[in-house]
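A quick write-up on the structure given underneath.
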Amino acid sequence: MASLVTFNEILPQARKDGRAVGAFNVANLETVLSVFRAAEHEKSPIIIQVYQRLFNDERAELIAAMTARLVARSDIPVALHLDHGTSVEQIRKAIDIGYTSVMIDGSQLSFADNIALTSEAVKVAHQAGVTIEAEIGHVPFGDGEIELSTAAEAVEFVEKTGVDALAISIGTAHGFYKKEPVLDIERAAEIGRRVAIPLVLHGGTGVPENQLKKAIGCGVAKINIATELQNMFLRGVAQELDKNGDKFKPLDLYFKPVEEKIIEFVSGKIRAFSEGGC
Ligand code: 13P
């Protein structure tokens, strides 16, 4: 019976091969199932990730049970990841309920405090055999200020904390963009030359694929997508409602065509991330 994997089983190899693994934020049964089905369809490793807020009730735990069940019947390497973890306690909770990877997000702290918090979280994660991602610079949510990462900070941060994957800020933001983003590929290339661990790109929604491919060529081995997938789910349901009018239709039948759209979307992203070129 297959089980969930950590980042170490998928990301270092992806970086070596010059490709990235897609990391998709799920929030309900249908999004978990669709992301998983896409990975099976493409015979590709995948990261299923859950935003930290969902750890405030049973959702994160139920998603873990469901993902583990799907993985047990499959030979696709799947990592289950806490996205934007806020504290060491939250990381302990994620480990307790079966997550194989976690992120500690100290990107809004000072550099020294980010190192201190991340180092503590790394100890907890590694003791449990779980991999850990952290962020330097800051990839904002919405209109917040982008704080770019530097190569010097990346080198020092990785050396001092021992993280397994490093999220860098090279011009992306979370959510839809008002204006097409332009990634700082030079910066990514310099960080990639000086840091050997897999790099992570947050804010994948709306970034043109040619820019993503360049980032992959610089060492980005994990690309996060949340907004585009979740918006597609909601809009898909709204379209189905419009089509059906006032007649009753069971939920599962409403969701079916929407799941097909998500599977197609995620499959396309997996293929797009399969090779880079700096
Ligand atoms: P988007 O919502 O912009 O796709 O970003 C996803 C992300 O980075 C999750 O951490």
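FYI, nothing fancy with the structure tokens labels: chains A, B, ... in order, residues from 1 per chain, ligands from 1 as they appear.
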I want to know what sits within 12 Å of A:Val71, based on only C-alpha atoms, with residues of the same chain fewer than 3 positions away left out; could you give that as a PDB file with N, CA, C and O atoms, in the first residue's frame?
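Listing of result03.pdb after writing:
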```
ATOM      1  N   MET A   1       0.846  -1.210   0.000  1.00  0.00           N
ATOM      2  CA  MET A   1       0.000   0.000   0.000  1.00  0.00           C
ATOM      3  C   MET A   1       0.878   1.255   0.000  1.00  0.00           C
ATOM      4  O   MET A   1       1.768   1.396   0.827  1.00  0.00           O
ATOM      5  N   ALA A   2       0.666   2.103  -0.957  1.00  0.00           N
ATOM      6  CA  ALA A   2       1.489   3.330  -1.047  1.00  0.00           C
ATOM      7  C   ALA A   2       1.087   4.319   0.045  1.00  0.00           C
ATOM      8  O   ALA A   2      -0.032   4.275   0.554  1.00  0.00           O
ATOM      9  N   SER A   3       2.059   5.157   0.418  1.00  0.00           N
ATOM     10  CA  SER A   3       1.702   6.186   1.394  1.00  0.00           C
ATOM     11  C   SER A   3       2.205   7.547   0.921  1.00  0.00           C
ATOM     12  O   SER A   3       2.942   7.648  -0.061  1.00  0.00           O
ATOM     13  N   LEU A   4       1.790   8.573   1.637  1.00  0.00           N
ATOM     14  CA  LEU A   4       2.181   9.942   1.278  1.00  0.00           C
ATOM     15  C   LEU A   4       3.695  10.090   1.363  1.00  0.00           C
ATOM     16  O   LEU A   4       4.335   9.456   2.203  1.00  0.00           O
ATOM     17  N   VAL A   5       4.256  10.956   0.530  1.00  0.00           N
ATOM     18  CA  VAL A   5       5.710  11.180   0.546  1.00  0.00           C
ATOM     19  C   VAL A   5       6.011  12.582   1.087  1.00  0.00           C
ATOM     20  O   VAL A   5       5.119  13.417   1.201  1.00  0.00           O
ATOM     21  N   VAL A  32      -9.925  18.148  -3.787  1.00  0.00           N
ATOM     22  CA  VAL A  32      -8.915  17.107  -3.504  1.00  0.00           C
ATOM     23  C   VAL A  32      -8.963  16.037  -4.597  1.00  0.00           C
ATOM     24  O   VAL A  32      -7.948  15.683  -5.207  1.00  0.00           O
ATOM     25  N   LEU A  33     -10.166  15.544  -4.846  1.00  0.00           N
ATOM     26  CA  LEU A  33     -10.338  14.451  -5.810  1.00  0.00           C
ATOM     27  C   LEU A  33      -9.872  14.883  -7.202  1.00  0.00           C
ATOM     28  O   LEU A  33      -9.180  14.129  -7.902  1.00  0.00           O
ATOM     29  N   PHE A  36      -6.034  15.191  -7.420  1.00  0.00           N
ATOM     30  CA  PHE A  36      -5.460  13.847  -7.387  1.00  0.00           C
ATOM     31  C   PHE A  36      -5.664  13.125  -8.731  1.00  0.00           C
ATOM     32  O   PHE A  36      -4.740  12.519  -9.275  1.00  0.00           O
ATOM     33  N   ARG A  37      -6.875  13.213  -9.263  1.00  0.00           N
ATOM     34  CA  ARG A  37      -7.171  12.552 -10.553  1.00  0.00           C
ATOM     35  C   ARG A  37      -6.281  13.095 -11.671  1.00  0.00           C
ATOM     36  O   ARG A  37      -5.818  12.351 -12.532  1.00  0.00           O
ATOM     37  N   ALA A  39      -3.253  14.306 -11.368  1.00  0.00           N
ATOM     38  CA  ALA A  39      -1.906  13.766 -11.180  1.00  0.00           C
ATOM     39  C   ALA A  39      -1.846  12.314 -11.676  1.00  0.00           C
ATOM     40  O   ALA A  39      -0.889  11.906 -12.335  1.00  0.00           O
ATOM     41  N   GLU A  40      -2.900  11.566 -11.384  1.00  0.00           N
ATOM     42  CA  GLU A  40      -2.944  10.169 -11.865  1.00  0.00           C
ATOM     43  C   GLU A  40      -2.986  10.139 -13.378  1.00  0.00           C
ATOM     44  O   GLU A  40      -2.286   9.356 -14.015  1.00  0.00           O
ATOM     45  N   PRO A  45       4.086  13.273 -10.022  1.00  0.00           N
ATOM     46  CA  PRO A  45       4.011  13.621  -8.597  1.00  0.00           C
ATOM     47  C   PRO A  45       3.201  14.897  -8.422  1.00  0.00           C
ATOM     48  O   PRO A  45       3.107  15.707  -9.357  1.00  0.00           O
ATOM     49  N   ILE A  46       2.650  15.082  -7.235  1.00  0.00           N
ATOM     50  CA  ILE A  46       1.824  16.266  -6.990  1.00  0.00           C
ATOM     51  C   ILE A  46       1.937  16.653  -5.514  1.00  0.00           C
ATOM     52  O   ILE A  46       2.219  15.800  -4.674  1.00  0.00           O
ATOM     53  N   ILE A  47       1.703  17.938  -5.252  1.00  0.00           N
ATOM     54  CA  ILE A  47       1.610  18.392  -3.860  1.00  0.00           C
ATOM     55  C   ILE A  47       0.194  18.899  -3.638  1.00  0.00           C
ATOM     56  O   ILE A  47      -0.270  19.791  -4.360  1.00  0.00           O
ATOM     57  N   ILE A  48      -0.473  18.288  -2.686  1.00  0.00           N
ATOM     58  CA  ILE A  48      -1.810  18.749  -2.297  1.00  0.00           C
ATOM     59  C   ILE A  48      -1.585  19.591  -1.050  1.00  0.00           C
ATOM     60  O   ILE A  48      -1.016  19.121  -0.063  1.00  0.00           O
ATOM     61  N   ALA A  64      -6.755  15.236   5.105  1.00  0.00           N
ATOM     62  CA  ALA A  64      -5.622  14.302   5.247  1.00  0.00           C
ATOM     63  C   ALA A  64      -6.102  12.859   5.137  1.00  0.00           C
ATOM     64  O   ALA A  64      -5.477  12.032   4.455  1.00  0.00           O
ATOM     65  N   ALA A  65      -7.207  12.553   5.792  1.00  0.00           N
ATOM     66  CA  ALA A  65      -7.736  11.168   5.765  1.00  0.00           C
ATOM     67  C   ALA A  65      -8.110  10.796   4.327  1.00  0.00           C
ATOM     68  O   ALA A  65      -7.800   9.704   3.846  1.00  0.00           O
ATOM     69  N   MET A  66      -8.741  11.722   3.659  1.00  0.00           N
ATOM     70  CA  MET A  66      -9.179  11.455   2.292  1.00  0.00           C
ATOM     71  C   MET A  66      -7.980  11.273   1.349  1.00  0.00           C
ATOM     72  O   MET A  66      -7.945  10.345   0.530  1.00  0.00           O
ATOM     73  N   THR A  67      -6.990  12.145   1.501  1.00  0.00           N
ATOM     74  CA  THR A  67      -5.817  12.067   0.618  1.00  0.00           C
ATOM     75  C   THR A  67      -5.059  10.765   0.859  1.00  0.00           C
ATOM     76  O   THR A  67      -4.652  10.086  -0.085  1.00  0.00           O
ATOM     77  N   ALA A  68      -4.888  10.398   2.134  1.00  0.00           N
ATOM     78  CA  ALA A  68      -4.171   9.161   2.450  1.00  0.00           C
ATOM     79  C   ALA A  68      -4.894   7.954   1.848  1.00  0.00           C
ATOM     80  O   ALA A  68      -4.274   7.027   1.326  1.00  0.00           O
ATOM     81  N   SER A  74      -2.845   3.961  -5.001  1.00  0.00           N
ATOM     82  CA  SER A  74      -2.237   4.528  -6.205  1.00  0.00           C
ATOM     83  C   SER A  74      -0.715   4.437  -6.115  1.00  0.00           C
ATOM     84  O   SER A  74      -0.168   4.234  -5.035  1.00  0.00           O
ATOM     85  N   ASP A  75      -0.028   4.593  -7.239  1.00  0.00           N
ATOM     86  CA  ASP A  75       1.437   4.626  -7.130  1.00  0.00           C
ATOM     87  C   ASP A  75       1.981   6.010  -7.480  1.00  0.00           C
ATOM     88  O   ASP A  75       3.154   6.182  -7.792  1.00  0.00           O
ATOM     89  N   ILE A  76       1.133   7.035  -7.430  1.00  0.00           N
ATOM     90  CA  ILE A  76       1.563   8.412  -7.695  1.00  0.00           C
ATOM     91  C   ILE A  76       2.142   9.002  -6.403  1.00  0.00           C
ATOM     92  O   ILE A  76       1.497   8.947  -5.354  1.00  0.00           O
ATOM     93  N   PRO A  77       3.371   9.580  -6.451  1.00  0.00           N
ATOM     94  CA  PRO A  77       3.909  10.214  -5.239  1.00  0.00           C
ATOM     95  C   PRO A  77       3.142  11.510  -4.924  1.00  0.00           C
ATOM     96  O   PRO A  77       3.095  12.428  -5.744  1.00  0.00           O
ATOM     97  N   VAL A  78       2.537  11.536  -3.748  1.00  0.00           N
ATOM     98  CA  VAL A  78       1.747  12.703  -3.340  1.00  0.00           C
ATOM     99  C   VAL A  78       2.266  13.196  -1.991  1.00  0.00           C
ATOM    100  O   VAL A  78       2.386  12.413  -1.044  1.00  0.00           O
ATOM    101  N   ALA A  79       2.597  14.487  -1.898  1.00  0.00           N
ATOM    102  CA  ALA A  79       2.952  15.086  -0.600  1.00  0.00           C
ATOM    103  C   ALA A  79       1.757  15.911  -0.137  1.00  0.00           C
ATOM    104  O   ALA A  79       1.102  16.592  -0.939  1.00  0.00           O
ATOM    105  N   LEU A  80       1.489  15.844   1.168  1.00  0.00           N
ATOM    106  CA  LEU A  80       0.377  16.608   1.747  1.00  0.00           C
ATOM    107  C   LEU A  80       0.989  17.686   2.640  1.00  0.00           C
ATOM    108  O   LEU A  80       1.716  17.377   3.587  1.00  0.00           O
TER     109      LEU A  80
END
```
Pick out the residues no farther than 10 Å from ligand 1, counting only C-alpha atoms and all ligand atoms, and list them as a short mmCIF file (atom, residue, chain, number, x, y, z; two decimals) with N, CA and C atoms, in the first residue's frame.
```
data_model
loop_
_atom_site.label_atom_id
_atom_site.label_comp_id
_atom_site.auth_asym_id
_atom_site.auth_seq_id
_atom_site.Cartn_x
_atom_site.Cartn_y
_atom_site.Cartn_z
N ALA A 23 1.79 22.58 -6.88
CA ALA A 23 1.24 22.49 -5.52
C ALA A 23 -0.09 23.23 -5.54
N PHE A 24 -1.17 22.51 -5.35
CA PHE A 24 -2.51 23.07 -5.53
C PHE A 24 -3.24 23.14 -4.18
N ASN A 25 -3.81 24.31 -3.91
CA ASN A 25 -4.55 24.48 -2.65
C ASN A 25 -5.97 23.95 -2.79
N GLN A 49 -1.96 20.87 -1.12
CA GLN A 49 -1.68 21.71 0.05
C GLN A 49 -2.94 22.37 0.58
N VAL A 50 -2.88 22.63 1.88
CA VAL A 50 -4.05 23.12 2.61
C VAL A 50 -3.66 24.38 3.36
N TYR A 51 -4.42 25.43 3.14
CA TYR A 51 -4.11 26.72 3.76
C TYR A 51 -4.30 26.63 5.28
N GLN A 52 -3.47 27.37 6.00
CA GLN A 52 -3.45 27.24 7.47
C GLN A 52 -4.80 27.45 8.16
N LEU A 82 1.07 21.57 4.70
CA LEU A 82 0.45 22.73 5.37
C LEU A 82 1.03 23.99 4.72
N ASP A 83 0.15 24.84 4.18
CA ASP A 83 0.58 26.05 3.47
C ASP A 83 0.48 27.27 4.40
N HIS A 84 1.57 28.03 4.50
CA HIS A 84 1.61 29.26 5.31
C HIS A 84 1.37 29.02 6.79
N MET A 103 4.86 24.28 5.94
CA MET A 103 5.56 25.55 5.72
C MET A 103 5.44 26.35 7.01
N VAL A 139 6.10 37.52 -0.29
CA VAL A 139 5.14 37.47 -1.40
C VAL A 139 3.80 37.86 -0.78
N PRO A 140 3.30 39.06 -1.10
CA PRO A 140 2.12 39.55 -0.38
C PRO A 140 0.82 38.90 -0.84
N PHE A 141 -0.23 39.12 -0.09
CA PHE A 141 -1.58 38.74 -0.50
C PHE A 141 -2.22 39.98 -1.10
N GLY A 142 -2.78 39.87 -2.28
CA GLY A 142 -3.47 41.00 -2.92
C GLY A 142 -2.53 42.15 -3.20
N ALA A 167 10.96 29.31 -0.29
CA ALA A 167 10.09 30.18 -1.10
C ALA A 167 10.78 31.53 -1.25
N THR A 172 6.16 37.93 -7.65
CA THR A 172 4.78 37.42 -7.64
C THR A 172 4.04 37.94 -6.41
N ALA A 173 2.70 37.80 -6.46
CA ALA A 173 1.84 38.09 -5.31
C ALA A 173 0.71 37.06 -5.33
N HIS A 174 0.07 36.86 -4.18
CA HIS A 174 -1.06 35.92 -4.14
C HIS A 174 -2.32 36.59 -4.69
N GLY A 175 -3.11 35.84 -5.42
CA GLY A 175 -4.38 36.37 -5.93
C GLY A 175 -4.27 36.79 -7.38
N PHE A 176 -5.38 37.32 -7.94
CA PHE A 176 -5.36 37.79 -9.34
C PHE A 176 -4.53 39.06 -9.43
N TYR A 177 -3.81 39.22 -10.54
CA TYR A 177 -3.02 40.43 -10.77
C TYR A 177 -3.86 41.47 -11.49
N VAL A 200 10.84 27.62 -4.26
CA VAL A 200 9.38 27.58 -4.36
C VAL A 200 8.87 28.92 -4.85
N LEU A 201 7.87 28.87 -5.73
CA LEU A 201 7.26 30.11 -6.19
C LEU A 201 5.80 30.16 -5.73
N HIS A 202 5.50 31.12 -4.86
CA HIS A 202 4.11 31.36 -4.45
C HIS A 202 3.47 32.30 -5.47
N GLY A 203 2.13 32.33 -5.46
CA GLY A 203 1.44 33.29 -6.33
C GLY A 203 1.48 32.89 -7.79
N GLY A 204 1.30 31.61 -8.08
CA GLY A 204 1.40 31.12 -9.46
C GLY A 204 0.24 31.53 -10.36
N THR A 205 -0.90 31.88 -9.78
CA THR A 205 -2.06 32.30 -10.58
C THR A 205 -1.71 33.50 -11.46
N GLY A 206 -2.00 33.39 -12.75
CA GLY A 206 -1.87 34.55 -13.63
C GLY A 206 -0.46 34.87 -14.09
N VAL A 207 0.52 34.04 -13.73
CA VAL A 207 1.88 34.29 -14.21
C VAL A 207 2.02 33.59 -15.57
N ILE A 223 5.62 25.03 -7.66
CA ILE A 223 4.84 26.23 -8.02
C ILE A 223 3.45 26.11 -7.40
N ASN A 224 3.09 27.14 -6.63
CA ASN A 224 1.80 27.12 -5.92
C ASN A 224 0.69 27.77 -6.75
N ILE A 225 -0.44 27.09 -6.79
CA ILE A 225 -1.62 27.65 -7.46
C ILE A 225 -2.83 27.48 -6.53
N ALA A 226 -3.46 28.59 -6.19
CA ALA A 226 -4.66 28.52 -5.35
C ALA A 226 -5.82 29.27 -6.00
N THR A 227 -5.64 30.59 -6.20
CA THR A 227 -6.75 31.45 -6.63
C THR A 227 -7.42 30.94 -7.91
N GLU A 228 -6.62 30.63 -8.92
CA GLU A 228 -7.18 30.27 -10.22
C GLU A 228 -8.03 29.00 -10.11
N LEU A 229 -7.54 28.04 -9.35
CA LEU A 229 -8.25 26.77 -9.21
C LEU A 229 -9.56 26.97 -8.43
N GLN A 230 -9.49 27.70 -7.34
CA GLN A 230 -10.67 27.84 -6.49
C GLN A 230 -11.73 28.72 -7.17
N ASN A 231 -11.25 29.72 -7.89
CA ASN A 231 -12.18 30.58 -8.63
C ASN A 231 -12.87 29.78 -9.74
#
```
>> Applying 12 Å and only C-alpha atoms, which residues near A:Pro250 remain after dropping the ones on its own chain fewer than 4 positions away? List them as a ChimeraX atom specification.
In response: /A:240-241,244,254-256
> atom CA of A:Val195 and atom CA of A:Gly129, how far apart in Å?
Replying inline: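 Atom CA of A:Val195 lies at a distance of 22.3 Å from atom CA of A:Gly129.
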> So which bits of stretch 113-220 of chain A end up alpha helix (DSSP H) when you DSSP the backbone, as a PyMOL selection string?
Replying inline: chain A and resi 113-127+151-161+185-194+209-217
> stretch 19-77 of chain A: which residues are strand (DSSP E) by DSSP, as a ChimeraX atom specification?
Replying inline: /A:21-25,46-51
File dump, residues just selected, N, CA, C and O atoms, as a PDB file, in the first residue's frame:
```
ATOM      1  N   VAL A  21       7.138  20.700  -9.559  1.00  0.00           N
ATOM      2  CA  VAL A  21       5.944  19.957  -9.153  1.00  0.00           C
ATOM      3  C   VAL A  21       4.871  20.996  -8.800  1.00  0.00           C
ATOM      4  O   VAL A  21       5.149  21.958  -8.088  1.00  0.00           O
ATOM      5  N   GLY A  22       3.678  20.808  -9.312  1.00  0.00           N
ATOM      6  CA  GLY A  22       2.575  21.725  -9.001  1.00  0.00           C
ATOM      7  C   GLY A  22       2.074  21.479  -7.587  1.00  0.00           C
ATOM      8  O   GLY A  22       1.956  20.331  -7.152  1.00  0.00           O
ATOM      9  N   ALA A  23       1.794  22.584  -6.877  1.00  0.00           N
ATOM     10  CA  ALA A  23       1.235  22.487  -5.520  1.00  0.00           C
ATOM     11  C   ALA A  23      -0.095  23.234  -5.537  1.00  0.00           C
ATOM     12  O   ALA A  23      -0.131  24.440  -5.765  1.00  0.00           O
ATOM     13  N   PHE A  24      -1.173  22.505  -5.346  1.00  0.00           N
ATOM     14  CA  PHE A  24      -2.509  23.068  -5.530  1.00  0.00           C
ATOM     15  C   PHE A  24      -3.237  23.139  -4.184  1.00  0.00           C
ATOM     16  O   PHE A  24      -3.283  22.158  -3.443  1.00  0.00           O
ATOM     17  N   ASN A  25      -3.814  24.309  -3.908  1.00  0.00           N
ATOM     18  CA  ASN A  25      -4.548  24.484  -2.653  1.00  0.00           C
ATOM     19  C   ASN A  25      -5.968  23.952  -2.795  1.00  0.00           C
ATOM     20  O   ASN A  25      -6.739  24.438  -3.619  1.00  0.00           O
ATOM     21  N   ILE A  46       2.650  15.082  -7.235  1.00  0.00           N
ATOM     22  CA  ILE A  46       1.824  16.266  -6.990  1.00  0.00           C
ATOM     23  C   ILE A  46       1.937  16.653  -5.514  1.00  0.00           C
ATOM     24  O   ILE A  46       2.219  15.800  -4.674  1.00  0.00           O
ATOM     25  N   ILE A  47       1.703  17.938  -5.252  1.00  0.00           N
ATOM     26  CA  ILE A  47       1.610  18.392  -3.860  1.00  0.00           C
ATOM     27  C   ILE A  47       0.194  18.899  -3.638  1.00  0.00           C
ATOM     28  O   ILE A  47      -0.270  19.791  -4.360  1.00  0.00           O
ATOM     29  N   ILE A  48      -0.473  18.288  -2.686  1.00  0.00           N
ATOM     30  CA  ILE A  48      -1.810  18.749  -2.297  1.00  0.00           C
ATOM     31  C   ILE A  48      -1.585  19.591  -1.050  1.00  0.00           C
ATOM     32  O   ILE A  48      -1.016  19.121  -0.063  1.00  0.00           O
ATOM     33  N   GLN A  49      -1.963  20.867  -1.121  1.00  0.00           N
ATOM     34  CA  GLN A  49      -1.680  21.708   0.048  1.00  0.00           C
ATOM     35  C   GLN A  49      -2.939  22.366   0.584  1.00  0.00           C
ATOM     36  O   GLN A  49      -3.912  22.602  -0.129  1.00  0.00           O
ATOM     37  N   VAL A  50      -2.877  22.635   1.882  1.00  0.00           N
ATOM     38  CA  VAL A  50      -4.047  23.117   2.610  1.00  0.00           C
ATOM     39  C   VAL A  50      -3.656  24.382   3.358  1.00  0.00           C
ATOM     40  O   VAL A  50      -2.664  24.395   4.108  1.00  0.00           O
ATOM     41  N   TYR A  51      -4.421  25.432   3.135  1.00  0.00           N
ATOM     42  CA  TYR A  51      -4.112  26.721   3.762  1.00  0.00           C
ATOM     43  C   TYR A  51      -4.304  26.633   5.280  1.00  0.00           C
ATOM     44  O   TYR A  51      -5.198  25.936   5.756  1.00  0.00           O
TER      45      TYR A  51
END
```
>> Residues within 8 Å of A:Arg92, please, as a list of chain:residue names. Count only C-alpha atoms; anything in the same chain fewer than 3 positions from it doesn't count.
In response: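 Within the cut-off, the hits are A:Val88, A:Glu89, A:Ile95, A:Asp96, A:Val124, A:Ala125.
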> Of the candidates A:Leu253, A:Gly277, A:Lys214, A:Gly268, which shows the shortest atom-to-atom distance to A:Glu42, using only C-alpha atoms?
Replying inline: A:Gly268
> Can you list, as an MDAnalysis selection string, every protein, DNA or RNA residue that comes within 10 Å of stretch 150-160 of chain A when you count only C-alpha atoms, leaving out same-chain residues fewer than 6 positions away?
Replying inline: chainID A and resid 111:112 114:116 118:119 134:137 166:170 187:197
Could you produce a table of the residues of stretch 171-259 of chain A lying within 9 Å of stretch 271-274 of chain A, with the nearest pair of atoms per residue and their separation in Å rounded to one decimal, using only C-alpha atoms, ordered by chain and increasing residue number, as a tab-separated table?
```
residue	atom	partner	partner_atom	distance
A:Glu209	CA	A:Ala272	CA	7.1
A:Leu212	CA	A:Phe273	CA	7.7
A:Lys213	CA	A:Phe273	CA	6.9
A:Ile216	CA	A:Phe273	CA	7.6
A:Ala221	CA	A:Phe273	CA	8.8
A:Lys222	CA	A:Phe273	CA	9.0
A:Ile223	CA	A:Phe273	CA	8.2
```
> Which residue gives the smallest distance to A:Ile263 among A:Met232, A:Ala60, A:Val163, A:Ile91, with only C-alpha atoms counted?
Replying inline: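 Closest residue, counting only C-alpha atoms: A:Met232.
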>> Can you measure atom CA of A:Lys178 to atom CA of A:Leu148 for me? One decimal in Å is fine.
In response: 18.9 Å
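You can rank A:Leu117, A:Leu199, A:Ala128, A:Ala72 by their closest distance to A:Thr6 using only C-alpha atoms, and at the top of that list sits A:Ala128.
Between A:Gly162 and the residues A:Glu9, A:Glu120, A:Asp105, A:Glu260, the shortest atom-to-atom distance, using only C-alpha atoms, involves A:Glu120.
Here atom CA of A:Ser110 stands at a distance of 10.9 Å from atom CA of A:His138.
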